[in-house]
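**Q** So I've got this file, coords.csv, and it contains CSV, C-alpha atoms:
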```
chain,number,residue,atom,x,y,z
A,783,MET,CA,-95.6,0.0,75.4
A,784,THR,CA,-92.8,-2.3,74.4
A,785,THR,CA,-89.3,-2.1,75.9
A,786,LYS,CA,-86.3,-2.3,73.7
A,787,PRO,CA,-83.8,-5.0,74.7
A,788,THR,CA,-80.6,-3.8,76.3
A,789,ARG,CA,-77.3,-4.0,74.4
A,790,ALA,CA,-76.2,-6.7,76.8
A,791,ALA,CA,-79.3,-8.8,76.1
A,792,VAL,CA,-78.7,-8.4,72.3
A,793,THR,CA,-75.1,-9.4,72.7
A,794,GLU,CA,-76.0,-12.5,74.7
A,795,ALA,CA,-78.6,-13.5,72.2
A,796,LEU,CA,-76.1,-13.1,69.4
A,797,LEU,CA,-73.5,-15.2,71.1
A,798,ARG,CA,-76.0,-17.9,72.0
A,799,CYS,CA,-77.3,-18.1,68.4
A,800,PRO,CA,-75.8,-16.1,65.6
A,801,ALA,CA,-77.9,-17.8,62.9
A,802,PRO,CA,-80.5,-14.9,62.7
A,803,LEU,CA,-77.6,-12.5,62.1
A,804,TYR,CA,-76.1,-14.7,59.4
A,805,ALA,CA,-79.4,-15.1,57.7
A,806,ARG,CA,-79.9,-11.3,57.7
A,807,MET,CA,-76.4,-10.8,56.2
A,808,HIS,CA,-77.2,-13.3,53.5
A,809,ARG,CA,-80.2,-11.4,52.4
A,810,GLN,CA,-77.9,-8.5,51.5
A,811,GLY,CA,-75.7,-10.7,49.3
A,812,PRO,CA,-72.4,-12.4,49.5
A,813,LEU,CA,-70.4,-9.1,49.9
A,814,MET,CA,-71.4,-5.9,51.6
A,815,TRP,CA,-69.8,-2.7,52.8
A,816,SER,CA,-69.9,-1.9,56.6
A,817,ARG,CA,-69.8,1.9,56.9
A,818,PRO,CA,-69.2,2.0,60.7
A,819,ASP,CA,-66.1,-0.2,60.3
A,820,GLY,CA,-64.9,0.9,56.9
A,821,THR,CA,-64.6,-2.7,56.0
A,822,TRP,CA,-65.9,-5.1,53.3
A,823,VAL,CA,-67.8,-8.0,54.8
A,824,VAL,CA,-67.8,-11.4,53.0
A,825,THR,CA,-70.7,-13.7,54.0
A,826,GLY,CA,-71.1,-16.1,51.0
A,827,TYR,CA,-69.4,-19.5,51.2
A,828,GLU,CA,-67.9,-19.6,47.7
A,829,LEU,CA,-66.8,-15.9,47.9
A,830,ALA,CA,-65.2,-16.7,51.3
A,831,ARG,CA,-63.2,-19.5,49.8
A,832,LEU,CA,-62.1,-17.3,46.9
A,833,VAL,CA,-60.8,-14.6,49.2
A,834,LEU,CA,-59.0,-17.0,51.5
A,835,ARG,CA,-57.2,-18.7,48.6
A,836,ASP,CA,-56.4,-15.6,46.5
A,837,PRO,CA,-52.9,-14.2,47.0
A,838,ARG,CA,-54.2,-10.7,46.2
A,839,PHE,CA,-55.7,-10.7,49.8
A,840,ARG,CA,-53.2,-10.9,52.6
A,841,MET,CA,-53.1,-11.0,56.3
A,842,PRO,CA,-53.1,-7.5,57.9
A,843,GLY,CA,-50.1,-6.2,59.7
A,844,PRO,CA,-50.1,-4.3,63.0
A,845,PRO,CA,-51.0,-0.6,63.0
A,846,ARG,CA,-48.1,1.6,61.9
A,847,GLU,CA,-47.9,3.5,65.2
A,848,SER,CA,-48.1,0.3,67.2
A,849,GLN,CA,-45.2,-1.1,69.4
A,850,TRP,CA,-45.7,-4.3,67.3
A,851,SER,CA,-44.9,-2.5,64.1
A,852,GLU,CA,-41.7,-2.3,62.1
A,853,ASN,CA,-40.3,0.6,64.2
A,854,GLY,CA,-41.8,-0.5,67.5
A,855,SER,CA,-40.1,-2.0,70.5
A,856,HIS,CA,-41.3,-5.5,69.7
A,857,SER,CA,-41.2,-5.3,65.9
A,858,GLY,CA,-41.3,-8.6,64.1
A,859,PHE,CA,-43.2,-10.6,66.8
A,860,LEU,CA,-46.7,-10.6,65.3
A,861,GLN,CA,-45.3,-10.8,61.8
A,862,SER,CA,-43.3,-13.9,62.7
A,863,MET,CA,-46.3,-15.9,63.7
A,864,LEU,CA,-47.3,-18.5,61.1
A,865,LEU,CA,-50.9,-17.4,61.2
A,866,ALA,CA,-50.0,-13.8,60.4
A,867,SER,CA,-46.9,-14.1,58.2
A,868,GLU,CA,-46.9,-14.0,54.4
A,869,GLY,CA,-44.5,-14.8,51.5
A,870,GLU,CA,-41.3,-16.7,51.9
A,871,ARG,CA,-41.4,-16.5,55.7
A,872,HIS,CA,-44.8,-18.1,55.8
A,873,THR,CA,-43.7,-20.9,53.4
A,874,ARG,CA,-40.6,-21.6,55.5
A,875,LEU,CA,-42.5,-21.6,58.8
A,876,ARG,CA,-45.3,-23.8,57.5
A,877,ARG,CA,-42.8,-26.3,56.1
A,878,PHE,CA,-40.9,-26.4,59.5
A,879,LEU,CA,-44.0,-26.6,61.8
A,880,GLY,CA,-45.9,-28.9,59.4
A,881,GLN,CA,-43.7,-31.8,60.4
A,882,LEU,CA,-45.7,-32.0,63.6
A,883,PHE,CA,-49.1,-32.0,62.0
A,884,THR,CA,-49.0,-34.7,59.4
A,885,PRO,CA,-51.6,-37.5,59.7
A,886,ARG,CA,-48.9,-39.9,60.8
A,887,ALA,CA,-47.6,-37.4,63.5
A,888,VAL,CA,-51.2,-36.9,64.8
A,889,ARG,CA,-51.8,-40.6,64.9
A,890,ALA,CA,-48.6,-41.0,67.0
A,891,ARG,CA,-50.1,-38.5,69.5
A,892,THR,CA,-53.5,-40.1,69.8
A,893,ALA,CA,-52.7,-42.4,72.7
A,894,ARG,CA,-51.3,-39.5,74.7
A,895,ILE,CA,-54.4,-37.4,74.0
A,896,GLU,CA,-56.6,-40.4,75.1
A,897,THR,CA,-54.5,-40.7,78.3
A,898,ALA,CA,-54.9,-37.0,79.0
A,899,MET,CA,-58.7,-37.2,78.4
A,900,ALA,CA,-59.0,-40.2,80.8
A,901,ALA,CA,-57.1,-38.3,83.5
A,902,ILE,CA,-59.4,-35.3,83.1
A,903,LEU,CA,-62.5,-37.4,83.4
A,904,ASP,CA,-61.1,-39.2,86.4
A,905,ASP,CA,-60.7,-35.8,88.1
A,906,ALA,CA,-64.2,-34.8,87.1
A,907,ALA,CA,-65.8,-38.0,88.5
A,908,ALA,CA,-65.1,-36.9,92.0
A,909,HIS,CA,-67.7,-34.1,91.7
A,910,PRO,CA,-71.4,-34.3,91.3
A,911,VAL,CA,-71.5,-31.1,89.2
A,912,VAL,CA,-68.6,-29.8,87.1
A,913,ASP,CA,-68.0,-26.8,84.9
A,914,GLY,CA,-67.6,-28.3,81.4
A,915,VAL,CA,-65.4,-25.5,80.3
A,916,ALA,CA,-63.0,-25.1,83.2
A,917,ASP,CA,-62.9,-28.8,84.3
A,918,ILE,CA,-62.9,-30.5,80.9
A,919,SER,CA,-62.7,-28.5,77.6
A,920,ALA,CA,-60.1,-26.0,78.7
A,921,ARG,CA,-57.8,-28.6,80.2
A,922,LEU,CA,-57.5,-31.0,77.2
A,923,PRO,CA,-56.0,-28.4,74.8
A,924,VAL,CA,-53.5,-27.2,77.5
A,925,SER,CA,-52.2,-30.8,77.7
A,926,VAL,CA,-52.2,-31.4,73.9
A,927,ILE,CA,-50.5,-28.1,73.0
A,928,GLY,CA,-48.1,-28.3,75.9
A,929,ASP,CA,-46.9,-31.7,74.5
A,930,LEU,CA,-46.8,-30.4,71.0
A,931,VAL,CA,-44.7,-27.4,71.9
A,932,GLY,CA,-42.7,-29.2,74.5
A,933,ILE,CA,-43.7,-27.0,77.5
A,934,PRO,CA,-42.7,-28.6,80.8
A,935,PRO,CA,-45.9,-29.5,82.7
A,936,GLU,CA,-45.0,-27.3,85.7
A,937,ASP,CA,-44.9,-24.2,83.4
A,938,ARG,CA,-48.1,-24.8,81.5
A,939,HIS,CA,-50.5,-22.7,83.7
A,940,GLU,CA,-48.0,-19.8,83.7
A,941,VAL,CA,-47.8,-20.0,79.9
A,942,SER,CA,-51.6,-20.0,79.6
A,943,ASP,CA,-51.8,-16.8,81.6
A,944,LEU,CA,-49.0,-15.2,79.6
A,945,CYS,CA,-50.4,-16.1,76.3
A,946,ARG,CA,-53.9,-14.8,77.2
A,947,ALA,CA,-52.4,-11.4,78.2
A,948,ILE,CA,-50.4,-11.2,75.0
A,949,SER,CA,-53.4,-12.2,72.9
A,950,LYS,CA,-55.5,-9.4,74.5
A,951,GLY,CA,-52.8,-6.7,74.1
A,952,GLY,CA,-51.8,-7.8,70.6
A,953,GLY,CA,-55.4,-7.4,69.4
A,954,VAL,CA,-55.6,-11.2,68.7
A,955,ALA,CA,-58.3,-11.9,71.2
A,956,SER,CA,-60.9,-9.3,70.3
A,957,GLY,CA,-61.1,-5.7,69.2
A,958,ARG,CA,-58.6,-2.8,69.6
A,959,PRO,CA,-56.6,-3.1,72.9
A,960,SER,CA,-56.2,-0.3,75.4
A,961,ASP,CA,-52.8,1.2,76.0
A,962,GLU,CA,-52.7,-0.6,79.3
A,963,GLU,CA,-53.4,-3.9,77.7
A,964,VAL,CA,-50.7,-3.3,75.1
A,965,GLY,CA,-48.2,-2.5,77.8
A,966,THR,CA,-49.0,-5.6,79.8
A,967,ALA,CA,-48.8,-7.7,76.6
A,968,LEU,CA,-45.3,-6.3,75.8
A,969,THR,CA,-44.1,-7.2,79.3
A,970,ARG,CA,-45.6,-10.7,79.0
A,971,VAL,CA,-43.9,-11.3,75.7
A,972,ASP,CA,-40.6,-10.6,77.4
A,973,GLU,CA,-41.5,-13.0,80.2
A,974,LEU,CA,-42.5,-15.7,77.8
A,975,GLY,CA,-39.2,-15.1,75.9
A,976,ARG,CA,-37.2,-15.8,79.1
A,977,LEU,CA,-39.1,-19.1,79.6
A,978,VAL,CA,-38.4,-20.2,76.0
A,979,THR,CA,-34.7,-19.3,76.4
A,980,ARG,CA,-34.6,-21.4,79.6
A,981,TRP,CA,-36.3,-24.4,77.9
A,982,MET,CA,-34.0,-24.2,74.9
A,983,GLY,CA,-31.1,-24.3,77.3
A,984,GLN,CA,-32.2,-27.7,78.6
A,985,PRO,CA,-32.2,-29.9,75.4
A,986,ARG,CA,-32.0,-33.2,77.3
A,987,HIS,CA,-35.6,-32.4,78.6
A,988,HIS,CA,-37.1,-31.8,75.2
A,989,MET,CA,-39.9,-34.1,74.1
A,990,PRO,CA,-38.7,-35.8,70.9
A,991,ASP,CA,-41.7,-34.8,68.7
A,992,SER,CA,-42.1,-31.2,69.9
A,993,VAL,CA,-41.5,-27.7,68.5
A,994,LEU,CA,-38.6,-27.1,71.0
A,995,ALA,CA,-36.9,-30.4,69.9
A,996,LEU,CA,-37.2,-29.5,66.2
A,997,ALA,CA,-35.9,-25.9,66.8
A,998,ALA,CA,-32.9,-27.3,68.7
A,999,ALA,CA,-32.1,-29.8,66.0
A,1000,ALA,CA,-32.3,-27.1,63.3
A,1001,ARG,CA,-29.8,-24.8,64.9
A,1002,GLY,CA,-26.9,-24.0,62.6
A,1003,THR,CA,-28.9,-25.3,59.5
A,1004,PRO,CA,-30.8,-23.4,56.8
A,1005,GLN,CA,-34.0,-24.4,58.6
A,1006,GLU,CA,-33.1,-22.6,61.9
A,1007,LEU,CA,-35.7,-20.4,63.4
A,1008,SER,CA,-34.7,-17.0,64.7
A,1009,ASP,CA,-35.3,-16.3,68.4
A,1010,THR,CA,-38.3,-14.1,67.5
A,1011,GLU,CA,-39.8,-16.7,65.2
A,1012,LEU,CA,-39.5,-19.4,67.8
A,1013,LEU,CA,-41.1,-17.2,70.5
A,1014,ALA,CA,-43.8,-16.0,68.2
A,1015,ASN,CA,-44.8,-19.5,67.2
A,1016,VAL,CA,-44.8,-20.9,70.7
A,1017,PHE,CA,-47.3,-18.1,71.4
A,1018,SER,CA,-49.4,-18.6,68.2
A,1019,LEU,CA,-49.6,-22.3,68.5
A,1020,TYR,CA,-50.8,-22.0,72.0
A,1021,ILE,CA,-53.5,-19.4,71.0
A,1022,ALA,CA,-54.6,-21.2,67.8
A,1023,GLY,CA,-54.6,-24.6,69.5
A,1024,HIS,CA,-56.1,-23.7,72.8
A,1025,ASP,CA,-58.9,-21.1,72.3
A,1026,THR,CA,-60.6,-22.6,69.3
A,1027,SER,CA,-60.3,-26.2,70.6
A,1028,ARG,CA,-61.7,-25.2,74.0
A,1029,ASN,CA,-64.7,-23.6,72.3
A,1030,MET,CA,-65.2,-26.6,70.0
A,1031,LEU,CA,-65.0,-29.1,72.9
A,1032,SER,CA,-67.4,-26.9,75.0
A,1033,GLY,CA,-69.8,-26.9,72.1
A,1034,LEU,CA,-69.7,-30.7,71.9
A,1035,LEU,CA,-70.4,-30.9,75.7
A,1036,LEU,CA,-73.4,-28.5,75.3
A,1037,ARG,CA,-74.8,-30.7,72.5
A,1038,LEU,CA,-74.5,-33.7,74.8
A,1039,ALA,CA,-76.3,-31.9,77.6
A,1040,THR,CA,-79.2,-30.7,75.4
A,1041,ARG,CA,-79.6,-33.7,73.1
A,1042,PRO,CA,-79.9,-36.9,75.3
A,1043,GLU,CA,-80.1,-39.1,72.2
A,1044,LEU,CA,-76.5,-38.2,71.3
A,1045,LEU,CA,-75.1,-39.8,74.4
A,1046,ARG,CA,-77.3,-42.9,74.0
A,1047,ASP,CA,-76.1,-43.3,70.5
A,1048,LEU,CA,-72.5,-42.8,71.5
A,1049,ALA,CA,-72.8,-45.6,74.1
A,1050,ALA,CA,-74.4,-47.8,71.5
A,1051,GLY,CA,-71.5,-47.2,69.0
A,1052,THR,CA,-73.8,-45.8,66.3
A,1053,VAL,CA,-72.3,-42.3,66.1
A,1054,ASP,CA,-69.7,-41.4,63.5
A,1055,THR,CA,-67.8,-39.2,66.0
A,1056,ALA,CA,-65.6,-37.6,63.3
A,1057,ALA,CA,-68.7,-36.5,61.4
A,1058,GLU,CA,-70.3,-35.2,64.6
A,1059,VAL,CA,-67.3,-33.0,65.2
A,1060,ASP,CA,-67.5,-31.7,61.7
A,1061,ARG,CA,-71.2,-30.9,62.1
A,1062,LEU,CA,-70.5,-28.9,65.3
A,1063,LEU,CA,-67.7,-27.0,63.6
A,1064,LEU,CA,-70.0,-26.2,60.6
A,1065,ALA,CA,-72.9,-25.0,62.7
A,1066,GLU,CA,-71.1,-23.4,65.6
A,1067,SER,CA,-67.8,-22.0,64.1
A,1068,PRO,CA,-65.5,-21.3,67.1
A,1069,LEU,CA,-63.7,-18.7,65.0
A,1070,THR,CA,-66.3,-16.5,63.5
A,1071,PHE,CA,-64.3,-14.3,61.2
A,1072,THR,CA,-60.8,-13.6,59.8
A,1073,VAL,CA,-59.5,-10.4,58.1
A,1074,ARG,CA,-57.6,-9.8,54.9
A,1075,VAL,CA,-56.2,-6.7,53.2
A,1076,ALA,CA,-56.4,-6.2,49.4
A,1077,GLN,CA,-53.0,-5.8,47.8
A,1078,GLU,CA,-54.2,-4.3,44.6
A,1079,GLU,CA,-57.4,-2.9,42.9
A,1080,CYS,CA,-59.7,-5.7,41.9
A,1081,GLU,CA,-63.4,-6.6,41.6
A,1082,LEU,CA,-65.3,-9.0,44.0
A,1083,ALA,CA,-68.9,-9.9,43.5
A,1084,GLY,CA,-69.4,-6.9,41.2
A,1085,GLN,CA,-67.9,-4.5,43.7
A,1086,HIS,CA,-64.7,-2.4,43.1
A,1087,ILE,CA,-62.1,-3.1,45.8
A,1088,ASN,CA,-59.3,-0.6,46.3
A,1089,ALA,CA,-55.7,-1.6,47.3
A,1090,GLY,CA,-55.5,-1.4,51.1
A,1091,ASP,CA,-59.2,-2.1,51.7
A,1092,ARG,CA,-59.9,-4.4,54.6
A,1093,ILE,CA,-62.1,-7.5,54.0
A,1094,ARG,CA,-63.7,-9.3,56.9
A,1095,VAL,CA,-64.4,-12.9,55.9
A,1096,MET,CA,-67.3,-14.2,58.1
A,1097,LEU,CA,-66.4,-17.8,58.5
A,1098,GLY,CA,-69.5,-18.5,60.6
A,1099,ALA,CA,-71.8,-16.8,58.1
A,1100,ALA,CA,-70.2,-18.7,55.1
A,1101,ASN,CA,-70.6,-22.0,56.9
A,1102,HIS,CA,-74.2,-21.1,57.7
A,1103,GLU,CA,-75.0,-20.5,54.0
A,1104,LEU,CA,-73.4,-23.9,53.2
A,1105,LEU,CA,-75.3,-25.7,55.9
A,1106,THR,CA,-78.7,-24.2,55.0
A,1107,SER,CA,-78.2,-24.9,51.3
A,1108,ASP,CA,-76.9,-28.5,51.9
A,1109,PRO,CA,-77.9,-30.0,55.3
A,1110,ASP,CA,-76.1,-33.2,54.4
A,1111,VAL,CA,-72.7,-31.6,53.9
A,1112,ASP,CA,-70.0,-33.8,55.3
A,1113,HIS,CA,-67.1,-31.5,56.0
A,1114,PRO,CA,-66.4,-28.5,58.3
A,1115,GLY,CA,-66.7,-25.9,55.6
A,1116,VAL,CA,-64.3,-23.0,56.1
A,1117,SER,CA,-64.1,-23.5,59.9
A,1118,PHE,CA,-60.3,-23.9,59.6
A,1119,GLY,CA,-59.8,-21.4,56.8
A,1120,GLU,CA,-58.6,-22.4,53.4
A,1121,GLY,CA,-55.7,-21.8,51.0
A,1122,ARG,CA,-52.2,-21.1,52.2
A,1123,HIS,CA,-53.4,-20.1,55.7
A,1124,VAL,CA,-55.6,-23.2,56.3
A,1125,CYS,CA,-55.1,-24.2,59.9
A,1126,LEU,CA,-52.2,-26.6,60.3
A,1127,GLY,CA,-53.8,-28.1,63.4
A,1128,ALA,CA,-57.2,-28.9,61.8
A,1129,HIS,CA,-56.7,-32.7,62.0
A,1130,LEU,CA,-55.3,-32.5,65.5
A,1131,ALA,CA,-58.3,-30.4,66.7
A,1132,ARG,CA,-60.8,-32.8,65.1
A,1133,THR,CA,-59.0,-35.7,66.8
A,1134,GLU,CA,-59.4,-34.0,70.2
A,1135,GLY,CA,-63.1,-33.7,69.5
A,1136,ARG,CA,-63.5,-37.3,68.5
A,1137,ILE,CA,-61.6,-38.5,71.5
A,1138,LEU,CA,-63.8,-36.5,73.9
A,1139,LEU,CA,-67.0,-37.9,72.4
A,1140,GLU,CA,-65.7,-41.5,72.5
A,1141,ALA,CA,-64.5,-41.1,76.1
A,1142,VAL,CA,-67.8,-39.7,77.5
A,1143,GLY,CA,-69.7,-42.3,75.6
A,1144,ARG,CA,-67.9,-44.9,77.5
A,1145,HIS,CA,-68.0,-43.2,81.0
A,1146,TRP,CA,-71.3,-41.3,81.1
A,1147,SER,CA,-74.8,-42.7,81.3
A,1148,GLY,CA,-76.4,-39.3,81.5
A,1149,VAL,CA,-75.6,-35.6,81.4
A,1150,ARG,CA,-77.7,-32.5,81.7
A,1151,LEU,CA,-77.4,-28.8,82.4
A,1152,ALA,CA,-77.0,-28.0,86.1
A,1153,ALA,CA,-77.6,-24.3,85.4
A,1154,GLU,CA,-77.8,-22.0,82.4
A,1155,PRO,CA,-74.5,-21.8,80.5
A,1156,THR,CA,-72.9,-18.4,80.0
A,1157,TRP,CA,-71.0,-17.2,76.9
A,1158,ALA,CA,-67.7,-15.4,76.8
A,1159,PRO,CA,-68.3,-11.8,75.7
A,1160,HIS,CA,-66.2,-12.2,72.5
A,1161,PHE,CA,-67.7,-12.7,69.1
A,1162,LEU,CA,-64.4,-13.4,67.3
A,1163,HIS,CA,-63.6,-16.5,69.4
A,1164,ARG,CA,-67.2,-17.5,70.1
A,1165,GLY,CA,-67.5,-19.9,72.9
A,1166,LEU,CA,-68.8,-20.7,76.4
A,1167,ASP,CA,-67.4,-19.2,79.5
A,1168,ARG,CA,-69.2,-21.5,82.0
A,1169,LEU,CA,-71.1,-24.8,81.3
A,1170,PRO,CA,-72.4,-26.3,84.6
A,1171,LEU,CA,-73.1,-30.0,84.0
A,1172,GLU,CA,-74.6,-32.7,86.2
A,1173,ILE,CA,-73.2,-36.0,85.1
A,1174,THR,CA,-74.3,-39.6,85.8
A,1175,TRP,CA,-71.3,-41.9,85.7
A,1176,ARG,CA,-71.3,-45.5,84.6
A,1177,PRO,CA,-70.3,-47.9,87.4
```
Could you express the structure from this file as structure tokens?

**A**
Amino acid sequence: MTTKPTRAAVTEALLRCPAPLYARMHRQGPLMWSRPDGTWVVTGYELARLVLRDPRFRMPGPPRESQWSENGSHSGFLQSMLLASEGERHTRLRRFLGQLFTPRAVRARTARIETAMAAILDDAAAHPVVDGVADISARLPVSVIGDLVGIPPEDRHEVSDLCRAISKGGGVASGRPSDEEVGTALTRVDELGRLVTRWMGQPRHHMPDSVLALAAAARGTPQELSDTELLANVFSLYIAGHDTSRNMLSGLLLRLATRPELLRDLAAGTVDTAAEVDRLLLAESPLTFTVRVAQEECELAGQHINAGDRIRVMLGAANHELLTSDPDVDHPGVSFGEGRHVCLGAHLARTEGRILLEAVGRHWSGVRLAAEPTWAPHFLHRGLDRLPLEITWRP
């Protein structure tokens, strides 16, 4: 008699390796209907690119009865985030924030990222066993995004806690939030708003190349952000820049711990670190899917789509199809999206990954798992929760 695996065991296996799920999806074609969710599911790479680029498919808004909706107590907050906005507002926000993400701007930040990475590794060197997530990969994005936004160092841990609560209650983290989670999130938005107001009232402390400095300089001009837009994008930059980067960096550390030849090659200088980051993103997409809503009737892959239909674009599955059809692909697929909502911070995130690999290649002579890693129980932001590492340091 065989025993069926528990739901928890199935979830753990899926989080650890979603490739079998993606392969099963691909056997059903690039587009399928999910009856339980009432949602179209895109799994094909080319179809994913089409949906992400096509203006007929837009980001979904909050539920009509939600406190985040047009008539709710916090109307406009979610809709003011760059990653959720559309139309003229999206164009204006992208132009404003894009100043901080040009290749030149990212190059100017590189030395600071390297300094932050060195300090993190110095702290880790004092311990024979470290948690790769808590002690390394979660810390670097806090430093990078804190500098980018202009968050004072003493406030960064508080901001992390606030943004995690807002993400959960706003439905950004995973699934439909409970009433209690929504209530907590609304309170945390107000608390974050008071912090942003305090920071904006201290312009002499603003970092020169930060969101807060740009916002202060734009006051009284046509480029000025509203208070809600500034608050919403402080939050969205934190979430977009922290969670996915943490999961990407944790994935790189797991590869190092399970593929000894990678660390040896890094030390020898024979690894193209940028390409290694892209391979990780392609194979282990930190953001597994994104959602769009059809704005009009149309046809996709031979299927009739009604206006208002939800379409879940499986970024991980699309990348899996690309990787299995072309193992030598040299870009991260749709890991950062595509089209008008392509991630502004893609180059910055890849720079963080490259700097991590180069730093450990210089400082570590060995690394292995000290215990089995555990995965966070969220498929949307797929990543490790704990990664115990035993590290051998170079003298």

**Q** Name the closest residue to A:Arg1001 among the candidates A:Ala916, A:Ile1173, A:Met982, A:Leu864; distances are taken between atoms, counting only C-alpha atoms.

**A**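 Result for the nearest residue to A:Arg1001: A:Met982.
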
**Q** Between A:Gly1098, A:Pro934, A:Gly951, A:Gly1165, which has the minimum distance to A:Asp1025 (counting only C-alpha atoms)?

**A**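 Result for the nearest residue to A:Asp1025: A:Gly1165.
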
**Q** Counting all atoms listed in the file, what is within 9 Å of A:Pro885, bar same-chain residues fewer than 4 positions away, as a list in words?

**A**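 Result of the neighbour search: Arg889, Ala890, His1129 and Leu1130 of chain A.
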
**Q** Between A:Ser919, A:Ser992, A:Thr793, A:Ser949, which residue has the minimum interatomic distance to A:Leu1034, considering all atoms listed in the file?

**A**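 Smallest distance to A:Leu1034 is found for A:Ser919.
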
**Q** Record the distance separating atom CA of A:Arg1074 and atom CA of A:Ala1022, expressed in Å with one decimal.

**A**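 Separation between atom CA of A:Arg1074 and atom CA of A:Ala1022: 17.5 Å.
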
**Q** Separation of atom CA of A:Thr1072 and atom CA of A:Pro842, in Å?

**A**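 Here the two named atoms are 10.0 Å from each other.
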
**Q** Of the candidates A:Leu1064, A:Leu813, A:Leu803, A:Val971, which shows the shortest atom-to-atom distance to A:Ala830, using all atoms listed in the file?

**A**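 The closest residue to A:Ala830 is A:Leu813.
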
**Q** For A:Thr897, which residue among A:Ser942, A:Ala995, A:Ser925, A:Pro1155 is the nearest when counting only C-alpha atoms?

**A**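 Checking each of A:Ser942, A:Ala995, A:Ser925, A:Pro1155 against A:Thr897, counting only C-alpha atoms, the winner is A:Ser925.
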
**Q** From the set A:His1102, A:His1145, A:Arg1164, A:His987, which residue has the shortest atom-to-atom contact distance to A:Arg806, counting all atoms listed in the file?

**A**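 Comparing A:His1102, A:His1145, A:Arg1164, A:His987 against A:Arg806, the winner is A:His1102.
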
**Q** Report, in Å with one decimal, the straight-line distance from atom CA of A:Asn1015 to atom CA of A:Gln1077.

**A**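 About the pair atom CA of A:Asn1015 and atom CA of A:Gln1077: they are 25.1 Å apart.
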
**Q** Within 10 Å of A:Leu875, counting all atoms listed in the file, which residues qualify if same-chain residues fewer than 4 places away don't, as a list in words?

**A**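 After dropping sequence-adjacent residues, the list is Ser862, Met863, Leu864, Leu865, Ser867, Glu868, Glu870, Arg871, Leu879, Gly880, Gln1005, Glu1006, Leu1007, Glu1011, Leu1012 and Asn1015 of chain A.
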
**Q** Got a sec: who's within 8 Å of A:Gly1121, counting only C-alpha atoms, leaving out chain neighbours fewer than 4 positions off, as JSON, numbers by chain?

**A** {"A": [831, 834, 835, 836]}

**Q** Counting all atoms listed in the file, select every polymer residue within 9 Å of (-76.5, -30.3, 62.1) as defined in the file's coordinates, and provide the selection as an MDAnalysis selection string.

**A** chainID A and resid 1058 1061:1062 1064:1065 1105 1109:1110

**Q** Give, as JSON, the centre coordinates and the x, y and z edge lengths in Å to one decimal for an axis-aligned box around all listed atoms of stretch 1011-1029 of chain A, padded by 3 Å on each side.

**A**
```
{"center_x": -52.1, "center_y": -21.1, "center_z": 69.6, "size_x": 31.2, "size_y": 16.2, "size_z": 14.8}
```

**Q** Within 9 Å of A:Ser1067, counting only C-alpha atoms, which residues qualify if same-chain residues fewer than 3 places away don't, as a list of chain:residue names?

**A** A:Thr1026, A:Asn1029, A:Met1030, A:Leu1062, A:Leu1063, A:Leu1064, A:Thr1070, A:Phe1071, A:Leu1097, A:Gly1098, A:Ala1099, A:Asn1101, A:Pro1114, A:Val1116, A:Ser1117, A:Phe1118, A:His1163, A:Arg1164
